[in-house]
Amino acid sequence: MCPFLNNIAPEKAKLNVRHQYLCIEGNIGTGKTALASRIAKHFRKKLLLEEFEDNSFLPKFYEDPARYAFPLEMSFLASRFNQLNRELLQGDLFDSGVVSDYVFFKCLVFSKITLSDDEYDLYTRLFGIINLQVPQPGLLVYLHKPVSKLQEQIQKRGRSYEQKITDKYLLKLQEAYFDYINHHTKSPVLILDTTSADFVNSQADYDFLINKIDAKYPDGVNVVY
């Protein structure tokens, strides 16, 4: 069990109504999808998973980043917005609540380290226009895991196009996430160190997480555990 869970008495699990739109984020290999899936199933919320498997630019990007970075980031921008528009904007977000394994601003996190300055400038202008139409989560849960652990998970799940991901790339993503979160004021952020915790398979760790999600964080406050 993760050290910060010692002496925590799990309370009856529930979700704060303010967090009806809950986003789980983190670097590649942090376990976002598995956790989002467990929370959504537990609370009978709508599960929203990022649609990336069918993106033909993704394996090409890992082979030739300079050539395919811009079309990759543009395709993700369009795909994420279309999905959020279809699932959130055109429906009733508060019918049952939504748990997602990504937040829209990840577009800026990845594009910041993959695009040239000119490309990034154009990209951020387009993002700014689109982002005005996207709902902000009631709470963002950011999962942190050291690069060595990320690589273990990447190797374990065995996606062929991810096997060439370098430590340097993961570190850059980590820095970009932290930089953006430090300036993110549109919703509260719960930052969790998952080095030793297993929120999917450990009931005690999971109970701790749900208690923290249920806490009434003021808007714009970042809380670290």
# chains A, B, ... in the order shown; residues from 1 in each chain; ligands from 1

$ select_by_dssp --residues "region 27-144 of chain A" --states "alpha helix (DSSP H)" --output "PyMOL selection string"
chain A and resi 32-43+57-63+65-84+106-114+117-131

$ closest_atom_pairs --of "region 133-173 of chain A" --to "region 82-88 of chain A" --cutoff "12 Å" --atoms "only C-alpha atoms" --output "Markdown table"
| residue | atom | partner | partner_atom | distance |
| --- | --- | --- | --- | --- |
| A:Gln133 | CA | A:Asn85 | CA | 8.5 |
| A:Val134 | CA | A:Leu84 | CA | 7.3 |
| A:Pro135 | CA | A:Leu88 | CA | 7.8 |
| A:Gln136 | CA | A:Leu88 | CA | 10.6 |
| A:Pro137 | CA | A:Leu88 | CA | 11.0 |

$ atom_distance --atom1 "CA of Val223 (chain A)" --atom2 "CA of Val189 (chain A)"
6.3 Å

$ closest_residue --among "A:Tyr206, A:Tyr225, A:Phe127, A:Tyr102" --to "Thr30 (chain A)" --atoms "only C-alpha atoms"
A:Tyr102

$ atom_distance --atom1 "CA of Ala36 (chain A)" --atom2 "CA of Leu140 (chain A)"
11.6 Å

$ select_by_dssp --residues "chain A" --states "strand (DSSP E)" --output "number ranges by chain"
A: 21-26, 46-48, 98-100, 139-144, 189-193, 222-224

$ closest_residue --among "A:Gly26, A:Pro65, A:Pro71, A:Gly138" --to "Lys164 (chain A)" --atoms "only C-alpha atoms"
A:Pro65

$ residues_around --residues "region 170-185 of chain A" --least-positions-apart "2" --cutoff "10 Å" --atoms "only C-alpha atoms" --output "VMD selection string"
chain A and resid 25 to 29 105 to 106 108 to 114 140 142 144 to 148 150 to 151 165 to 168 187 to 189 191 219 to 222

$ closest_atom_pairs --of "region 88-190 of chain A" --to "region 46-49 of chain A" --cutoff "7 Å" --atoms "only C-alpha atoms" --output "CSV"
residue,atom,partner,partner_atom,distance
A:Ser96,CA,A:Lys46,CA,6.7
A:Gly97,CA,A:Lys46,CA,6.1
A:Val98,CA,A:Lys46,CA,4.6
A:Val99,CA,A:Leu47,CA,5.1
A:Ser100,CA,A:Leu48,CA,4.5
A:Asp101,CA,A:Leu49,CA,5.5

$ write_last_selection --atoms "N, CA and C atoms" --output "CSV table (one decimal), in the first residue's frame"
chain,number,residue,atom,x,y,z
A,96,SER,N,-26.7,11.4,-15.6
A,96,SER,CA,-26.2,10.4,-14.7
A,96,SER,C,-24.7,10.7,-14.3
A,97,GLY,N,-24.1,11.7,-14.9
A,97,GLY,CA,-22.7,12.1,-14.7
A,97,GLY,C,-21.8,11.4,-15.7
A,98,VAL,N,-20.6,11.9,-15.8
A,98,VAL,CA,-19.6,11.4,-16.8
A,98,VAL,C,-18.3,11.3,-16.1
A,99,VAL,N,-17.6,10.1,-16.4
A,99,VAL,CA,-16.2,9.9,-16.0
A,99,VAL,C,-15.4,9.7,-17.3
A,100,SER,N,-14.4,10.5,-17.5
A,100,SER,CA,-13.6,10.5,-18.7
A,100,SER,C,-12.1,10.2,-18.4
A,101,ASP,N,-11.5,9.5,-19.3
A,101,ASP,CA,-10.0,9.2,-19.1
A,101,ASP,C,-9.1,10.2,-19.8

$ atom_distance --atom1 "CA of Asp214 (chain A)" --atom2 "CA of Ser37 (chain A)"
17.4 Å
